file work_36.cif (mmCIF, N, CA and C atoms)
data_target
#
loop_
_atom_site.label_atom_id
_atom_site.label_comp_id
_atom_site.auth_asym_id
_atom_site.auth_seq_id
_atom_site.Cartn_x
_atom_site.Cartn_y
_atom_site.Cartn_z
N MET A 1 0.85 -1.18 0.00
CA MET A 1 0.00 0.00 0.00
C MET A 1 0.90 1.24 0.00
N PRO A 2 0.67 2.18 -0.90
CA PRO A 2 1.52 3.37 -0.97
C PRO A 2 1.34 4.26 0.25
N ASP A 3 2.37 5.06 0.53
CA ASP A 3 2.30 6.00 1.65
C ASP A 3 1.20 7.02 1.41
N HIS A 4 0.59 7.46 2.50
CA HIS A 4 -0.38 8.54 2.42
C HIS A 4 0.39 9.82 2.09
N PRO A 5 -0.21 10.76 1.38
CA PRO A 5 0.51 11.99 1.00
C PRO A 5 1.09 12.75 2.19
N ILE A 6 0.44 12.71 3.35
CA ILE A 6 0.97 13.43 4.52
C ILE A 6 2.29 12.80 4.97
N GLU A 7 2.41 11.48 4.83
CA GLU A 7 3.66 10.81 5.19
C GLU A 7 4.78 11.26 4.27
N THR A 8 4.48 11.41 2.99
CA THR A 8 5.48 11.87 2.04
C THR A 8 5.92 13.29 2.37
N LEU A 9 4.95 14.16 2.71
CA LEU A 9 5.28 15.54 3.10
C LEU A 9 6.20 15.55 4.32
N MET A 10 5.86 14.76 5.32
CA MET A 10 6.65 14.73 6.55
C MET A 10 8.05 14.19 6.30
N LYS A 11 8.16 13.14 5.52
CA LYS A 11 9.48 12.57 5.22
C LYS A 11 10.36 13.58 4.50
N THR A 12 9.79 14.28 3.53
CA THR A 12 10.55 15.27 2.77
C THR A 12 11.06 16.39 3.68
N ALA A 13 10.17 16.91 4.54
CA ALA A 13 10.57 17.99 5.44
C ALA A 13 11.63 17.52 6.44
N MET A 14 11.45 16.34 7.01
CA MET A 14 12.41 15.83 7.99
C MET A 14 13.77 15.56 7.34
N GLU A 15 13.80 15.06 6.13
CA GLU A 15 15.07 14.83 5.43
C GLU A 15 15.77 16.15 5.15
N SER A 16 15.01 17.20 4.84
CA SER A 16 15.61 18.51 4.61
C SER A 16 16.24 19.06 5.89
N ILE A 17 15.53 18.92 7.02
CA ILE A 17 16.08 19.38 8.30
C ILE A 17 17.30 18.56 8.66
N LYS A 18 17.24 17.26 8.47
CA LYS A 18 18.37 16.38 8.77
C LYS A 18 19.59 16.77 7.95
N GLY A 19 19.38 17.18 6.71
CA GLY A 19 20.49 17.58 5.86
C GLY A 19 21.13 18.88 6.29
N MET A 20 20.39 19.74 7.00
CA MET A 20 20.93 21.02 7.45
C MET A 20 21.75 20.90 8.73
N ILE A 21 21.46 19.89 9.55
CA ILE A 21 22.09 19.80 10.86
C ILE A 21 22.95 18.54 10.93
N ASP A 22 24.18 18.71 11.38
CA ASP A 22 25.02 17.58 11.70
C ASP A 22 25.85 17.93 12.93
N VAL A 23 26.73 17.07 13.35
CA VAL A 23 27.48 17.31 14.57
C VAL A 23 28.34 18.56 14.45
N ASN A 24 28.81 18.90 13.25
CA ASN A 24 29.63 20.09 13.08
C ASN A 24 28.83 21.37 13.24
N THR A 25 27.51 21.30 13.24
CA THR A 25 26.68 22.47 13.50
C THR A 25 26.73 22.81 14.98
N ILE A 26 26.80 21.81 15.85
CA ILE A 26 26.82 22.04 17.29
C ILE A 26 28.23 22.30 17.79
N VAL A 27 29.16 21.43 17.49
CA VAL A 27 30.57 21.63 17.83
C VAL A 27 31.30 21.80 16.51
N GLY A 28 31.78 23.02 16.27
CA GLY A 28 32.39 23.34 14.99
C GLY A 28 33.75 22.69 14.80
N ASP A 29 34.30 22.91 13.63
CA ASP A 29 35.62 22.37 13.30
C ASP A 29 36.68 23.01 14.19
N PRO A 30 37.60 22.20 14.72
CA PRO A 30 38.65 22.74 15.59
C PRO A 30 39.68 23.54 14.79
N VAL A 31 40.20 24.58 15.46
CA VAL A 31 41.23 25.42 14.88
C VAL A 31 42.41 25.43 15.85
N GLU A 32 43.60 25.12 15.36
CA GLU A 32 44.77 25.10 16.22
C GLU A 32 45.49 26.44 16.12
N THR A 33 45.81 27.02 17.29
CA THR A 33 46.52 28.29 17.34
C THR A 33 48.03 28.03 17.29
N PRO A 34 48.83 29.05 16.99
CA PRO A 34 50.28 28.86 16.93
C PRO A 34 50.90 28.36 18.24
N ASP A 35 50.28 28.70 19.38
CA ASP A 35 50.85 28.25 20.66
C ASP A 35 50.39 26.84 21.05
N GLY A 36 49.65 26.16 20.19
CA GLY A 36 49.26 24.78 20.43
C GLY A 36 47.88 24.58 21.03
N ASN A 37 47.17 25.66 21.38
CA ASN A 37 45.81 25.52 21.88
C ASN A 37 44.88 25.15 20.73
N VAL A 38 43.81 24.47 21.05
CA VAL A 38 42.80 24.11 20.06
C VAL A 38 41.50 24.80 20.45
N ILE A 39 40.89 25.51 19.51
CA ILE A 39 39.66 26.26 19.77
C ILE A 39 38.55 25.65 18.92
N MET A 40 37.39 25.33 19.59
CA MET A 40 36.23 24.78 18.89
C MET A 40 35.01 25.62 19.23
N PRO A 41 34.31 26.14 18.22
CA PRO A 41 33.06 26.86 18.50
C PRO A 41 31.96 25.88 18.90
N VAL A 42 31.13 26.31 19.86
CA VAL A 42 30.02 25.51 20.35
C VAL A 42 28.74 26.32 20.14
N SER A 43 27.71 25.69 19.57
CA SER A 43 26.45 26.37 19.29
C SER A 43 25.27 25.59 19.85
N ARG A 44 24.17 26.30 20.05
CA ARG A 44 22.91 25.68 20.46
C ARG A 44 22.03 25.62 19.22
N VAL A 45 21.50 24.44 18.94
CA VAL A 45 20.65 24.26 17.76
C VAL A 45 19.24 23.88 18.21
N SER A 46 18.26 24.61 17.72
CA SER A 46 16.84 24.31 17.98
C SER A 46 16.15 24.14 16.64
N CYS A 47 15.23 23.20 16.59
CA CYS A 47 14.49 23.04 15.34
C CYS A 47 13.03 22.75 15.64
N GLY A 48 12.19 23.15 14.71
CA GLY A 48 10.76 22.92 14.84
C GLY A 48 10.21 22.40 13.52
N PHE A 49 9.09 21.72 13.62
CA PHE A 49 8.52 21.08 12.44
C PHE A 49 7.02 20.99 12.59
N ALA A 50 6.30 21.18 11.49
CA ALA A 50 4.84 21.03 11.50
C ALA A 50 4.38 20.51 10.15
N ALA A 51 3.35 19.70 10.17
CA ALA A 51 2.76 19.18 8.93
C ALA A 51 1.27 18.99 9.16
N GLY A 52 0.51 19.13 8.10
CA GLY A 52 -0.93 18.92 8.21
C GLY A 52 -1.55 18.77 6.85
N GLY A 53 -2.75 18.24 6.84
CA GLY A 53 -3.44 18.06 5.58
C GLY A 53 -4.81 17.45 5.80
N ALA A 54 -5.52 17.31 4.71
CA ALA A 54 -6.86 16.74 4.79
C ALA A 54 -7.25 16.10 3.47
N ASP A 55 -8.00 15.01 3.57
CA ASP A 55 -8.64 14.42 2.39
C ASP A 55 -9.98 15.12 2.23
N TYR A 56 -10.40 15.38 1.03
CA TYR A 56 -11.68 16.06 0.83
C TYR A 56 -12.37 15.56 -0.43
N LEU A 57 -13.67 15.73 -0.43
CA LEU A 57 -14.47 15.38 -1.59
C LEU A 57 -14.61 16.60 -2.48
N PRO A 58 -14.50 16.42 -3.79
CA PRO A 58 -14.75 17.55 -4.68
C PRO A 58 -16.20 18.04 -4.51
N GLU A 59 -16.43 19.31 -4.78
CA GLU A 59 -17.74 19.93 -4.59
C GLU A 59 -18.83 19.17 -5.33
N ALA A 60 -18.58 18.66 -6.52
CA ALA A 60 -19.60 17.97 -7.33
C ALA A 60 -20.04 16.66 -6.68
N ARG A 61 -19.22 16.07 -5.80
CA ARG A 61 -19.56 14.77 -5.22
C ARG A 61 -20.15 14.87 -3.82
N ARG A 62 -20.27 16.06 -3.26
CA ARG A 62 -20.76 16.19 -1.89
C ARG A 62 -22.27 16.07 -1.82
N GLY A 63 -22.74 15.04 -1.18
CA GLY A 63 -24.14 14.90 -0.82
C GLY A 63 -25.14 14.80 -1.95
N GLY A 64 -24.77 14.99 -3.19
CA GLY A 64 -25.72 14.92 -4.29
C GLY A 64 -26.01 13.49 -4.70
N ALA A 65 -26.86 13.35 -5.67
CA ALA A 65 -27.25 12.02 -6.13
C ALA A 65 -26.09 11.28 -6.76
N GLY A 66 -25.12 12.04 -7.31
CA GLY A 66 -23.99 11.39 -7.96
C GLY A 66 -22.84 11.07 -7.03
N SER A 67 -22.99 11.33 -5.73
CA SER A 67 -21.85 11.09 -4.84
C SER A 67 -21.77 9.62 -4.50
N GLY A 68 -20.78 8.99 -5.03
CA GLY A 68 -20.61 7.56 -4.79
C GLY A 68 -19.44 7.27 -3.88
N GLY A 69 -19.01 8.22 -3.10
CA GLY A 69 -17.90 7.97 -2.18
C GLY A 69 -16.59 8.47 -2.75
N PRO A 70 -15.53 7.70 -2.59
CA PRO A 70 -14.21 8.14 -3.02
C PRO A 70 -14.14 8.35 -4.53
N GLY A 71 -13.04 8.95 -4.97
CA GLY A 71 -12.84 9.23 -6.39
C GLY A 71 -12.74 7.95 -7.19
N ALA A 72 -12.55 8.10 -8.49
CA ALA A 72 -12.56 6.97 -9.41
C ALA A 72 -11.49 5.93 -9.05
N ALA A 73 -10.35 6.38 -8.54
CA ALA A 73 -9.28 5.44 -8.22
C ALA A 73 -9.43 4.89 -6.81
N GLY A 74 -10.48 5.26 -6.09
CA GLY A 74 -10.69 4.76 -4.74
C GLY A 74 -10.01 5.60 -3.67
N THR A 75 -9.48 6.78 -4.03
CA THR A 75 -8.85 7.66 -3.04
C THR A 75 -9.47 9.04 -3.14
N LEU A 76 -9.44 9.75 -2.03
CA LEU A 76 -9.93 11.12 -2.00
C LEU A 76 -8.80 12.07 -2.37
N PRO A 77 -9.12 13.22 -2.97
CA PRO A 77 -8.09 14.22 -3.21
C PRO A 77 -7.51 14.70 -1.87
N PHE A 78 -6.26 15.09 -1.88
CA PHE A 78 -5.56 15.48 -0.66
C PHE A 78 -4.99 16.88 -0.82
N GLY A 79 -5.07 17.66 0.24
CA GLY A 79 -4.43 18.98 0.29
C GLY A 79 -3.66 19.08 1.58
N GLY A 80 -2.42 19.51 1.53
CA GLY A 80 -1.63 19.59 2.75
C GLY A 80 -0.37 20.38 2.56
N GLY A 81 0.36 20.52 3.64
CA GLY A 81 1.62 21.25 3.60
C GLY A 81 2.45 20.93 4.83
N SER A 82 3.71 21.27 4.76
CA SER A 82 4.60 21.06 5.90
C SER A 82 5.66 22.15 5.89
N GLY A 83 6.28 22.32 7.02
CA GLY A 83 7.34 23.32 7.12
C GLY A 83 8.18 23.06 8.34
N GLY A 84 9.33 23.66 8.35
CA GLY A 84 10.23 23.49 9.48
C GLY A 84 11.18 24.66 9.55
N GLY A 85 11.85 24.76 10.66
CA GLY A 85 12.81 25.83 10.84
C GLY A 85 13.92 25.39 11.76
N VAL A 86 15.09 26.01 11.59
CA VAL A 86 16.25 25.70 12.41
C VAL A 86 16.83 27.01 12.92
N SER A 87 17.18 27.04 14.20
CA SER A 87 17.83 28.20 14.80
C SER A 87 19.18 27.77 15.36
N VAL A 88 20.23 28.48 14.98
CA VAL A 88 21.58 28.19 15.49
C VAL A 88 22.07 29.43 16.23
N GLN A 89 22.39 29.26 17.53
CA GLN A 89 22.88 30.36 18.34
C GLN A 89 24.26 30.00 18.89
N PRO A 90 25.25 30.88 18.73
CA PRO A 90 26.56 30.59 19.31
C PRO A 90 26.49 30.63 20.83
N VAL A 91 27.12 29.66 21.47
CA VAL A 91 27.15 29.58 22.93
C VAL A 91 28.50 30.04 23.45
N GLY A 92 29.57 29.58 22.83
CA GLY A 92 30.91 29.95 23.28
C GLY A 92 31.96 29.20 22.50
N PHE A 93 33.17 29.25 23.05
CA PHE A 93 34.30 28.57 22.43
C PHE A 93 34.95 27.66 23.46
N LEU A 94 35.18 26.43 23.07
CA LEU A 94 35.87 25.46 23.92
C LEU A 94 37.35 25.58 23.59
N VAL A 95 38.16 25.96 24.59
CA VAL A 95 39.59 26.15 24.39
C VAL A 95 40.31 25.03 25.12
N VAL A 96 41.00 24.18 24.35
CA VAL A 96 41.73 23.06 24.92
C VAL A 96 43.21 23.42 24.86
N GLY A 97 43.79 23.63 26.06
CA GLY A 97 45.20 23.97 26.16
C GLY A 97 46.01 22.77 26.58
N HIS A 98 47.27 23.03 26.85
CA HIS A 98 48.18 21.94 27.24
C HIS A 98 47.83 21.39 28.63
N ASP A 99 47.37 22.27 29.52
CA ASP A 99 47.09 21.82 30.89
C ASP A 99 45.68 22.14 31.37
N GLN A 100 44.83 22.66 30.51
CA GLN A 100 43.46 22.99 30.94
C GLN A 100 42.50 23.03 29.77
N VAL A 101 41.22 22.90 30.10
CA VAL A 101 40.13 23.03 29.13
C VAL A 101 39.19 24.08 29.69
N ARG A 102 38.86 25.09 28.86
CA ARG A 102 37.98 26.17 29.31
C ARG A 102 36.89 26.40 28.28
N LEU A 103 35.72 26.81 28.78
CA LEU A 103 34.63 27.23 27.91
C LEU A 103 34.52 28.74 28.04
N LEU A 104 34.73 29.44 26.96
CA LEU A 104 34.61 30.90 26.95
C LEU A 104 33.25 31.25 26.38
N PRO A 105 32.30 31.65 27.24
CA PRO A 105 30.95 31.94 26.76
C PRO A 105 30.90 33.21 25.93
N VAL A 106 29.97 33.26 25.00
CA VAL A 106 29.82 34.41 24.12
C VAL A 106 29.05 35.53 24.81
N ASP A 107 28.03 35.20 25.58
CA ASP A 107 27.13 36.22 26.13
C ASP A 107 27.25 36.44 27.62
N ALA A 108 28.34 36.07 28.23
CA ALA A 108 28.48 36.24 29.67
C ALA A 108 29.30 37.49 29.97
N ASN A 109 29.35 37.85 31.26
CA ASN A 109 30.11 38.99 31.71
C ASN A 109 31.59 38.60 31.79
N PRO A 110 32.47 39.20 30.98
CA PRO A 110 33.87 38.77 30.96
C PRO A 110 34.59 39.03 32.28
N VAL A 111 34.20 40.06 33.03
CA VAL A 111 34.86 40.35 34.31
C VAL A 111 34.57 39.22 35.29
N PHE A 112 33.33 38.80 35.37
CA PHE A 112 32.95 37.71 36.28
C PHE A 112 33.67 36.42 35.90
N ASP A 113 33.72 36.13 34.60
CA ASP A 113 34.41 34.92 34.14
C ASP A 113 35.89 34.96 34.47
N ARG A 114 36.49 36.12 34.33
CA ARG A 114 37.91 36.26 34.64
C ARG A 114 38.15 36.04 36.13
N LEU A 115 37.25 36.54 36.99
CA LEU A 115 37.38 36.33 38.44
C LEU A 115 37.30 34.83 38.78
N ILE A 116 36.40 34.13 38.12
CA ILE A 116 36.27 32.69 38.36
C ILE A 116 37.54 31.97 37.90
N ASP A 117 38.09 32.38 36.76
CA ASP A 117 39.32 31.77 36.26
C ASP A 117 40.50 32.01 37.20
N MET A 118 40.51 33.18 37.86
CA MET A 118 41.62 33.53 38.74
C MET A 118 41.47 32.97 40.15
N ALA A 119 40.30 32.45 40.50
CA ALA A 119 40.05 31.98 41.87
C ALA A 119 41.06 30.94 42.35
N PRO A 120 41.40 29.91 41.57
CA PRO A 120 42.38 28.94 42.06
C PRO A 120 43.75 29.57 42.35
N THR A 121 44.19 30.49 41.50
CA THR A 121 45.47 31.16 41.71
C THR A 121 45.42 32.01 42.99
N PHE A 122 44.33 32.72 43.17
CA PHE A 122 44.16 33.55 44.38
C PHE A 122 44.16 32.69 45.64
N MET A 123 43.45 31.57 45.59
CA MET A 123 43.38 30.69 46.77
C MET A 123 44.77 30.12 47.10
N GLU A 124 45.56 29.79 46.10
CA GLU A 124 46.90 29.27 46.32
C GLU A 124 47.79 30.33 46.96
N LYS A 125 47.71 31.57 46.46
CA LYS A 125 48.50 32.66 47.05
C LYS A 125 48.06 32.93 48.48
N LEU A 126 46.76 32.90 48.74
CA LEU A 126 46.24 33.12 50.08
C LEU A 126 46.74 32.04 51.03
N ARG A 127 46.76 30.79 50.56
CA ARG A 127 47.25 29.68 51.39
C ARG A 127 48.72 29.91 51.76
N LYS A 128 49.53 30.35 50.78
CA LYS A 128 50.96 30.59 51.05
C LYS A 128 51.15 31.72 52.06
N VAL A 129 50.35 32.78 51.96
CA VAL A 129 50.46 33.90 52.90
C VAL A 129 50.10 33.44 54.31
N ILE A 130 49.04 32.67 54.43
CA ILE A 130 48.60 32.20 55.75
C ILE A 130 49.64 31.27 56.36
N GLN A 131 50.26 30.41 55.56
CA GLN A 131 51.24 29.46 56.08
C GLN A 131 52.64 30.06 56.17
N GLY A 132 52.81 31.30 55.72
CA GLY A 132 54.10 31.96 55.83
C GLY A 132 55.12 31.50 54.79
N GLU A 133 54.69 30.88 53.73
CA GLU A 133 55.61 30.44 52.67
C GLU A 133 55.95 31.63 51.78
N PRO A 134 57.17 31.65 51.23
CA PRO A 134 57.52 32.75 50.30
C PRO A 134 56.73 32.62 49.00
N GLU A 135 56.37 33.79 48.44
CA GLU A 135 55.66 33.80 47.15
C GLU A 135 56.64 33.56 46.02
N ASP A 136 56.16 33.07 44.92
CA ASP A 136 57.00 32.80 43.74
C ASP A 136 57.46 34.06 43.09
#

call {"tool": "encode", "arguments": {"input": "work_36.cif", "output": "structure tokens"}}
result
Amino acid sequence: MPDHPIETLMKTAMESIKGMIDVNTIVGDPVETPDGNVIMPVSRVSCGFAAGGADYLPEARRGGAGSGGPGAAGTLPFGGGSGGGVSVQPVGFLVVGHDQVRLLPVDANPVFDRLIDMAPTFMEKLRKVIQGEPED
């Protein structure tokens, strides 16, 4: 039995969306810097999809004496449509260094992020001051 027309519409739309999105859409191609760090862009991908349709009787066959049910081939005419959309938003950059991995967000406060990055160094210096060890 052949697919219903709405199934064909849905398959076509889903294949189109599938063709637009792959793993490189979310985590981009890595770029190596001269100092050996590797930077990868990271994005958020959202997609939506809708499809609908209806079988209908032609006006000449509705309720009149000549209405014998479905069309000559045993199927009703079909009208329908489908659509979809994709949204890609940059989230940040994943920086892989020799001794650390960091996520640099695109839309965050850089001062706050810098303070968080410096917290381990500050805590180590504070520990040395409290214990009376010489600073480097």

call {"tool": "atom_distance", "arguments": {"input": "work_36.cif", "atom1": "atom C of Thr121 of chain A", "atom2": "atom C of Pro134 of chain A"}}
result
12.8 Å

call {"tool": "residues_around", "arguments": {"input": "work_36.cif", "residues": "segment 90-94 of chain A", "least_positions_apart": "3", "cutoff": "6 Å", "atoms": "all atoms listed in the file", "output": "list in words"}}
result
Val38, Ile39, Met40, Pro41, Val42, Ser43, Arg44, Arg102, Leu103, Leu104, Pro105, Val106 and Asp107 of chain A

call {"tool": "write_last_selection", "arguments": {"input": "work_36.cif", "atoms": "N, CA and C atoms", "output": "compact mmCIF listing (two decimals), keeping the file's coordinate frame"}}
result
# COMPACT_ATOMS: atom_id res chain seq x y z
N VAL A 38 43.81 24.47 21.05
CA VAL A 38 42.80 24.11 20.06
C VAL A 38 41.50 24.80 20.45
N ILE A 39 40.89 25.51 19.51
CA ILE A 39 39.66 26.26 19.77
C ILE A 39 38.55 25.65 18.92
N MET A 40 37.39 25.33 19.59
CA MET A 40 36.23 24.78 18.89
C MET A 40 35.01 25.62 19.23
N PRO A 41 34.31 26.14 18.22
CA PRO A 41 33.06 26.86 18.50
C PRO A 41 31.96 25.88 18.90
N VAL A 42 31.13 26.31 19.86
CA VAL A 42 30.02 25.51 20.35
C VAL A 42 28.74 26.32 20.14
N SER A 43 27.71 25.69 19.57
CA SER A 43 26.45 26.37 19.29
C SER A 43 25.27 25.59 19.85
N ARG A 44 24.17 26.30 20.05
CA ARG A 44 22.91 25.68 20.46
C ARG A 44 22.03 25.62 19.22
N ARG A 102 38.86 25.09 28.86
CA ARG A 102 37.98 26.17 29.31
C ARG A 102 36.89 26.40 28.28
N LEU A 103 35.72 26.81 28.78
CA LEU A 103 34.63 27.23 27.91
C LEU A 103 34.52 28.74 28.04
N LEU A 104 34.73 29.44 26.96
CA LEU A 104 34.61 30.90 26.95
C LEU A 104 33.25 31.25 26.38
N PRO A 105 32.30 31.65 27.24
CA PRO A 105 30.95 31.94 26.76
C PRO A 105 30.90 33.21 25.93
N VAL A 106 29.97 33.26 25.00
CA VAL A 106 29.82 34.41 24.12
C VAL A 106 29.05 35.53 24.81
N ASP A 107 28.03 35.20 25.58
CA ASP A 107 27.13 36.22 26.13
C ASP A 107 27.25 36.44 27.62

call {"tool": "select_by_dssp", "arguments": {"input": "work_36.cif", "residues": "chain A", "states": "strand (DSSP E)", "output": "PyMOL selection string"}}
result
chain A and resi 31-32+38-55+78-96+101-105

call {"tool": "select_by_dssp", "arguments": {"input": "work_36.cif", "residues": "chain A", "states": "alpha helix (DSSP H)", "output": "compact mmCIF listing (two decimals) with N, CA and C atoms, in the coordinates of the input"}}
result
# COMPACT_ATOMS: atom_id res chain seq x y z
N PRO A 5 -0.21 10.76 1.38
CA PRO A 5 0.51 11.99 1.00
C PRO A 5 1.09 12.75 2.19
N ILE A 6 0.44 12.71 3.35
CA ILE A 6 0.97 13.43 4.52
C ILE A 6 2.29 12.80 4.97
N GLU A 7 2.41 11.48 4.83
CA GLU A 7 3.66 10.81 5.19
C GLU A 7 4.78 11.26 4.27
N THR A 8 4.48 11.41 2.99
CA THR A 8 5.48 11.87 2.04
C THR A 8 5.92 13.29 2.37
N LEU A 9 4.95 14.16 2.71
CA LEU A 9 5.28 15.54 3.10
C LEU A 9 6.20 15.55 4.32
N MET A 10 5.86 14.76 5.32
CA MET A 10 6.65 14.73 6.55
C MET A 10 8.05 14.19 6.30
N LYS A 11 8.16 13.14 5.52
CA LYS A 11 9.48 12.57 5.22
C LYS A 11 10.36 13.58 4.50
N THR A 12 9.79 14.28 3.53
CA THR A 12 10.55 15.27 2.77
C THR A 12 11.06 16.39 3.68
N ALA A 13 10.17 16.91 4.54
CA ALA A 13 10.57 17.99 5.44
C ALA A 13 11.63 17.52 6.44
N MET A 14 11.45 16.34 7.01
CA MET A 14 12.41 15.83 7.99
C MET A 14 13.77 15.56 7.34
N GLU A 15 13.80 15.06 6.13
CA GLU A 15 15.07 14.83 5.43
C GLU A 15 15.77 16.15 5.15
N SER A 16 15.01 17.20 4.84
CA SER A 16 15.61 18.51 4.61
C SER A 16 16.24 19.06 5.89
N ILE A 17 15.53 18.92 7.02
CA ILE A 17 16.08 19.38 8.30
C ILE A 17 17.30 18.56 8.66
N LYS A 18 17.24 17.26 8.47
CA LYS A 18 18.37 16.38 8.77
C LYS A 18 19.59 16.77 7.95
N GLY A 19 19.38 17.18 6.71
CA GLY A 19 20.49 17.58 5.86
C GLY A 19 21.13 18.88 6.29
N MET A 20 20.39 19.74 7.00
CA MET A 20 20.93 21.02 7.45
C MET A 20 21.75 20.90 8.73
N VAL A 23 26.73 17.07 13.35
CA VAL A 23 27.48 17.31 14.57
C VAL A 23 28.34 18.56 14.45
N ASN A 24 28.81 18.90 13.25
CA ASN A 24 29.63 20.09 13.08
C ASN A 24 28.83 21.37 13.24
N THR A 25 27.51 21.30 13.24
CA THR A 25 26.68 22.47 13.50
C THR A 25 26.73 22.81 14.98
N ILE A 26 26.80 21.81 15.85
CA ILE A 26 26.82 22.04 17.29
C ILE A 26 28.23 22.30 17.79
N PRO A 110 32.47 39.20 30.98
CA PRO A 110 33.87 38.77 30.96
C PRO A 110 34.59 39.03 32.28
N VAL A 111 34.20 40.06 33.03
CA VAL A 111 34.86 40.35 34.31
C VAL A 111 34.57 39.22 35.29
N PHE A 112 33.33 38.80 35.37
CA PHE A 112 32.95 37.71 36.28
C PHE A 112 33.67 36.42 35.90
N ASP A 113 33.72 36.13 34.60
CA ASP A 113 34.41 34.92 34.14
C ASP A 113 35.89 34.96 34.47
N ARG A 114 36.49 36.12 34.33
CA ARG A 114 37.91 36.26 34.64
C ARG A 114 38.15 36.04 36.13
N LEU A 115 37.25 36.54 36.99
CA LEU A 115 37.38 36.33 38.44
C LEU A 115 37.30 34.83 38.78
N ILE A 116 36.40 34.13 38.12
CA ILE A 116 36.27 32.69 38.36
C ILE A 116 37.54 31.97 37.90
N ASP A 117 38.09 32.38 36.76
CA ASP A 117 39.32 31.77 36.26
C ASP A 117 40.50 32.01 37.20
N MET A 118 40.51 33.18 37.86
CA MET A 118 41.62 33.53 38.74
C MET A 118 41.47 32.97 40.15
N ALA A 119 40.30 32.45 40.50
CA ALA A 119 40.05 31.98 41.87
C ALA A 119 41.06 30.94 42.35
N PRO A 120 41.40 29.91 41.57
CA PRO A 120 42.38 28.94 42.06
C PRO A 120 43.75 29.57 42.35
N THR A 121 44.19 30.49 41.50
CA THR A 121 45.47 31.16 41.71
C THR A 121 45.42 32.01 42.99
N PHE A 122 44.33 32.72 43.17
CA PHE A 122 44.16 33.55 44.38
C PHE A 122 44.16 32.69 45.64
N MET A 123 43.45 31.57 45.59
CA MET A 123 43.38 30.69 46.77
C MET A 123 44.77 30.12 47.10
N GLU A 124 45.56 29.79 46.10
CA GLU A 124 46.90 29.27 46.32
C GLU A 124 47.79 30.33 46.96
N LYS A 125 47.71 31.57 46.46
CA LYS A 125 48.50 32.66 47.05
C LYS A 125 48.06 32.93 48.48
N LEU A 126 46.76 32.90 48.74
CA LEU A 126 46.24 33.12 50.08
C LEU A 126 46.74 32.04 51.03
N ARG A 127 46.76 30.79 50.56
CA ARG A 127 47.25 29.68 51.39
C ARG A 127 48.72 29.91 51.76
N LYS A 128 49.53 30.35 50.78
CA LYS A 128 50.96 30.59 51.05
C LYS A 128 51.15 31.72 52.06
N VAL A 129 50.35 32.78 51.96
CA VAL A 129 50.46 33.90 52.90
C VAL A 129 50.10 33.44 54.31
N ILE A 130 49.04 32.67 54.43
CA ILE A 130 48.60 32.20 55.75
C ILE A 130 49.64 31.27 56.36
N GLN A 131 50.26 30.41 55.56
CA GLN A 131 51.24 29.46 56.08
C GLN A 131 52.64 30.06 56.17

call {"tool": "atom_distance", "arguments": {"input": "work_36.cif", "atom1": "atom CA of Glu7 of chain A", "atom2": "atom N of Ser82 of chain A"}}
result
10.5 Å

call {"tool": "closest_residue", "arguments": {"input": "work_36.cif", "among": "A:Leu76, A:Met14, A:Ile6, A:Val88", "to": "Ile26 of chain A", "atoms": "only C-alpha atoms"}}
result
A:Val88

call {"tool": "axis_aligned_box", "arguments": {"input": "work_36.cif", "around": "segment 13-21 of chain A", "padding_each_side": "4 Å", "output": "JSON"}}
result
{"center_x": 16.6, "center_y": 17.9, "center_z": 7.7, "size_x": 20.8, "size_y": 14.2, "size_z": 14.4}

call {"tool": "atom_distance", "arguments": {"input": "work_36.cif", "atom1": "atom CA of Ala51 of chain A", "atom2": "atom CA of Gly80 of chain A"}}
result
7.6 Å

call {"tool": "resolve_selection", "arguments": {"input": "work_36.cif", "expression": "the PyMOL selection byres ((chain A and resi 5) around 8)", "output": "list of chain:residue names"}}
result
A:Pro2, A:Asp3, A:His4, A:Ile6, A:Glu7, A:Thr8, A:Leu9, A:Met10, A:Lys11, A:Gly53, A:Phe78, A:Gly79, A:Gly80, A:Gly81

call {"tool": "residues_around", "arguments": {"input": "work_36.cif", "residues": "Ile17 of chain A", "least_positions_apart": "6", "cutoff": "8 Å", "atoms": "only N, CA and C atoms", "output": "MDAnalysis selection string"}}
result
chainID A and resid 11 84:86
